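Asks: Take a look at this one; I'll ask things after.
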Amino acid sequence: MRLFWHILHHQVFEKFLTPYSVAAPACIARTGLCTTVSTMSTEENFKIVKEGKAEVLFSREVFYNPVQEFNRDLSVSVIRLFTEELLQSKGIKVSFEDAKSTDEVEGTQKQEIEDKDSAVVGDVSEVAGAEEEPTIYAGSQFQGGIKILEALAASGLRSIRYAKEVPGVEEITANDIATQAVAAMKRNISHNNLEEIVKASQADACLLMYQNPRSYDVIDLDPYGCAAQFIDPAVHAVRPGGLLCVTCTDMTVLCGNYGETCFTKYGGFSVKAAYSHEMALRILLYTLQSSATRCSRYIEPILSVSADFYIRAFVKVHNGQAEAKHSARKTAVAYVCTYCDNFALQRFGQLVTKNNGNIKFAAAHGPPTSERCDNCGGRYHMAGPMWAEALHNVPFVRKVLEHVKTHSSQFNTSARLAGLLTVISEEVPDGIFYYPISRFCNYIRAICPSQVKMRSAILNAGYQVSGTHCSAEGIKTDAPPSVIWDILRAWVKENPVKREKLSPQAVHILDRESSIDVSFETHTEADPPSRRQKLRRFQQNPEKYWGPMKKAGPVAPQETLKERKLRKQGKRSRQEEQSEDTEKEPTEKNFKTETTGD
């Protein structure tokens, strides 16, 4: 009887509820009597997120980090320039402005043809040439354009932005192995009317790339954590001359906290140093290079960025066994001093020119340093192997910078993009690692000189100098570390320190004789444009509790990170108290025995 009234009540409640509600309430979902109503959903159940030209429906079950908008803006700008270069080689013109209406475009093209007909009667070649060079806009499918794969797409936001903001796209494959992510992708693709361009795929990312060799012009890898397992199949799946975009967020591994883990994942050992973020970039590039050389291919880094809590590398992958043989001379290990961060590079190979003019590959000579640090007498740690060549293609970086300035209204993070790209374009291309001067001064307990004075001393010594995008206080130069310490010794002579408080290593550093004449006279090039224009090179925290964020999941969907921290606070102490109380309480058997005895 109770079951009859329960079913009747449920049917009546559903009859009156349906016209006024778009989804069943939680009470109906818990009864299990009507699963079709509980699974119904509309756009009102999701939070609408707008970024660039994309608009996605966001739910807590799929990962999304708003802080990564800078990463996505940078990726859009780089892929735009890459696509423009690729299509221009085929005689196709692209436009980054909003597409006009179809009637207006057709009318403009018709007017151009009529003008040419009136100017040159009977000349058909110009009209034919006008038809062969169409202008391609973003947001529409272009047959013969580029193919993009986002191997780990989550909500599909990045793929949707590529489809709406990158012109000349033929197809984008947005892939994820999670069922919730694929459902979110399909929902967002339909919401943006991009079914023709973006295709949702549910498959293992590695398997998908291995099954489609040399099929994609651009492959984007943005995993949650380490990207090493996806690099081999990505190199296998990208076309010759294609672009790989790789993000890694496991910075504790890449920056030396877990060197053995870094070696197992990336093939290079990381150590803690003042320049760990650049070392992380170079280890990632070495991993990409080693994967490419096994396929008789080689890489060309066009832009490598360390920002916030991640690193991002954009590399072109080319075919060529002869060039792949140069990988040994492009790879090195670094000897890093455990006290003063002094370093020395040891490359694996070198080029030797014979008497007849032929070039021969040979093993490099070494070691580059003694067992103890020449500067402070400390011991060395070995780091690497790592990439020992340039991190960027400076002409390409300048093109991206000009593109961002021209289309600044299309990027919410354009101010920071312009600042970052300006600093990268100023970086010394031949400089390996950077020098955080304040940390070096801390070793010898000296007052830190200003950036202008330090740069002037390096320039007056005959070397190049610049800032670095990896650190706000870092200095990048082609001068060896010994020159930097000679300048700091000269600075200490002008600004003495209390030697009785120095460590033995610091005394050893200051007692060494300088090998150069140091001048702190202000140099005309000591203040770069990025500093004079006060560009936004390094952002402040964009929001509270920002960072990599936790993985997406259905647990506590309405709980914020701050609420979760408060709920978890004192969890261990509460568990210990509960365990102590459990030990003190008598068991049921002991209680019966005691009462029976009484």
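Residue names in the structure tokens use chain letters A, B, ... in the order shown, residue numbers from 1 in each chain, and ligand numbers from 1 in the order shown.
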What are the DSSP alpha helix (DSSP H) residues of region 38-275 of chain A, as JSON, numbers by chain?

Replies: {"A": [38, 69, 70, 71, 72, 73, 74, 75, 76, 77, 78, 79, 80, 81, 82, 83, 84, 85, 86, 87, 88, 102, 103, 104, 105, 106, 107, 108, 109, 110, 111, 112, 113, 114, 115, 116, 117, 118, 119, 125, 126, 127, 128, 129, 130, 131, 132, 157, 158, 159, 160, 161, 162, 163, 164, 165, 179, 180, 181, 182, 183, 184, 185, 186, 187, 188, 189, 190, 191, 205, 206, 207, 208, 209, 210, 211, 228, 229, 230, 231, 232, 233, 234, 235, 236, 237, 251, 252, 253, 254, 259, 260, 261, 262, 263, 264, 265, 266]}

Asks: If we count only C-alpha atoms, what is near Leu488 (chain A) at a cut-off of 12 Å, once residues fewer than 2 positions away on the same chain are taken out, given as a ChimeraX atom specification?

Replies: /A:435,437-450,453-455,457-458,481-486,490-497,506,509-510,512-514,516-520

Asks: With distances taken over only C-alpha atoms, which of A:Val235, A:Leu149, A:Leu285, A:Val271 is nearest to Arg297 (chain A)?

Replies: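 Of all the options, A:Val235 lies closest to Arg297 (chain A).
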
Asks: For CA of Tyr137 (chain A) and CA of Ser95 (chain A), quote the distance in Å rounded to one decimal.

Replies: 5.4 Å

Asks: Which residues are near Gly474 (chain A)? Cut-off 12 Å, only C-alpha atoms, ignore same chain within fewer than 3 positions. Put them as a PyMOL selection string.

Replies: chain A and resi 274-278+423+427+433-440+450-451+454-455+465-471+477

Asks: Considering only C-alpha atoms, state which residue in the set A:Lys265, A:Lys498, A:Arg567, A:Arg329 is at the smallest distance from Ala364 (chain A).

Replies: A:Arg329

Asks: Of the candidates A:Ala151, A:Leu391, A:Ile197, A:Ala174, which shows the shortest atom-to-atom distance to Arg282 (chain A), using only C-alpha atoms?

Replies: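 Result for the nearest residue to Arg282 (chain A): A:Leu391.
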
Asks: Which residue out of A:Tyr224, A:Tyr216, A:Phe348, A:Phe269 has the minimum interatomic distance to Arg239 (chain A) when only C-alpha atoms are used?

Replies: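 Once distances to Arg239 (chain A) are computed over only C-alpha atoms, the minimum belongs to A:Tyr216.
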
Asks: Report the residues of region 307-449 of chain A whose backbone DSSP state falls under strand (DSSP E), written as a ChimeraX atom specification.

Replies: /A:307,310-319,331-337,343-347,349-353,359-363,380-387,435-436

Asks: Tell me, in Å to one decimal, how far CA of Arg532 (chain A) is from CA of Ala418 (chain A).

Replies: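 Taking CA of Arg532 (chain A) as the start and CA of Ala418 (chain A) as the end point, the length is 14.0 Å.
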
Asks: Between CA of Arg347 (chain A) and CA of Ala227 (chain A), measure the distance and give it in Å to one decimal.

Replies: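 According to the coordinates, CA of Arg347 (chain A) and CA of Ala227 (chain A) are separated by 25.5 Å.
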
Asks: Which neighbours of Val76 (chain A) fall inside 9 Å, counting only C-alpha atoms, when residues of the same chain fewer than 4 positions from it are skipped, and could you give them as an MDAnalysis selection string?

Replies: chainID A and resid 71:72 80:81 158 161:162 165:166

Asks: Deliver the residues from the most recent selection as a file, using N, CA, C and O atoms, as an mmCIF file, in the first residue's frame.

Replies:
```
data_model
loop_
_atom_site.group_PDB
_atom_site.id
_atom_site.type_symbol
_atom_site.label_atom_id
_atom_site.label_comp_id
_atom_site.auth_asym_id
_atom_site.auth_seq_id
_atom_site.Cartn_x
_atom_site.Cartn_y
_atom_site.Cartn_z
ATOM 1 N N ASN A 71 47.934 31.638 -21.396
ATOM 2 C CA ASN A 71 48.486 30.533 -22.191
ATOM 3 C C ASN A 71 47.719 30.367 -23.493
ATOM 4 O O ASN A 71 48.311 30.222 -24.573
ATOM 5 N N ARG A 72 46.402 30.433 -23.413
ATOM 6 C CA ARG A 72 45.580 30.247 -24.619
ATOM 7 C C ARG A 72 45.717 31.433 -25.579
ATOM 8 O O ARG A 72 45.743 31.248 -26.802
ATOM 9 N N ARG A 80 48.347 31.498 -35.223
ATOM 10 C CA ARG A 80 47.937 32.417 -36.295
ATOM 11 C C ARG A 80 49.114 32.727 -37.220
ATOM 12 O O ARG A 80 49.000 32.641 -38.448
ATOM 13 N N LEU A 81 50.255 33.101 -36.640
ATOM 14 C CA LEU A 81 51.418 33.442 -37.456
ATOM 15 C C LEU A 81 51.967 32.223 -38.183
ATOM 16 O O LEU A 81 52.412 32.321 -39.336
ATOM 17 N N ARG A 158 39.869 25.469 -25.802
ATOM 18 C CA ARG A 158 41.013 25.830 -26.637
ATOM 19 C C ARG A 158 40.727 25.546 -28.111
ATOM 20 O O ARG A 158 41.032 26.352 -28.989
ATOM 21 N N ARG A 161 38.348 28.125 -29.530
ATOM 22 C CA ARG A 161 39.027 29.387 -29.793
ATOM 23 C C ARG A 161 39.856 29.304 -31.072
ATOM 24 O O ARG A 161 39.898 30.251 -31.856
ATOM 25 N N TYR A 162 40.537 28.174 -31.289
ATOM 26 C CA TYR A 162 41.291 28.015 -32.526
ATOM 27 C C TYR A 162 40.367 28.090 -33.744
ATOM 28 O O TYR A 162 40.701 28.707 -34.752
ATOM 29 N N GLU A 165 39.176 31.831 -34.091
ATOM 30 C CA GLU A 165 40.142 32.924 -34.130
ATOM 31 C C GLU A 165 41.320 32.674 -35.062
ATOM 32 O O GLU A 165 42.089 33.611 -35.325
ATOM 33 N N VAL A 166 41.513 31.452 -35.535
ATOM 34 C CA VAL A 166 42.618 31.145 -36.442
ATOM 35 C C VAL A 166 42.056 30.927 -37.845
ATOM 36 O O VAL A 166 41.255 30.011 -38.056
#
```

Asks: Excluding Phe82 (chain A) and residues on its chain fewer than 3 positions from it, collect all residues at most 12 Å away from it, counting only C-alpha atoms, and give them as a PyMOL selection string.

Replies: chain A and resi 75-79+85-89+94+145-146+166-169+217-218+241-245+302-303+314-316+396-397+399-400+403

Asks: Report as a PyMOL selection string all protein, DNA and RNA residues lying within 12 Å of Leu281 (chain A), evaluated on only C-alpha atoms, omitting residues in the same chain fewer than 2 positions from it.

Replies: chain A and resi 246-251+254-255+266+268+270+275-279+283-288+301+303-307+310-314+384-392+432-433+470

Asks: Would you kindly return, as a VMD selection string, each protein, DNA or RNA residue with an atom no farther than 12 Å from any atom of Asp176 (chain A), considering only C-alpha atoms and excluding same-chain residues fewer than 2 positions away?

Replies: chain A and resid 62 to 63 149 to 156 159 173 to 174 178 to 186 199 to 208 221 to 223

Asks: Hey, which of A:Tyr380, A:Phe46, A:Phe361, A:Tyr298 ends up closest to Tyr339 (chain A)? Count only C-alpha atoms.

Replies: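 Using only C-alpha atoms, the shortest distance to Tyr339 (chain A) belongs to A:Tyr380.
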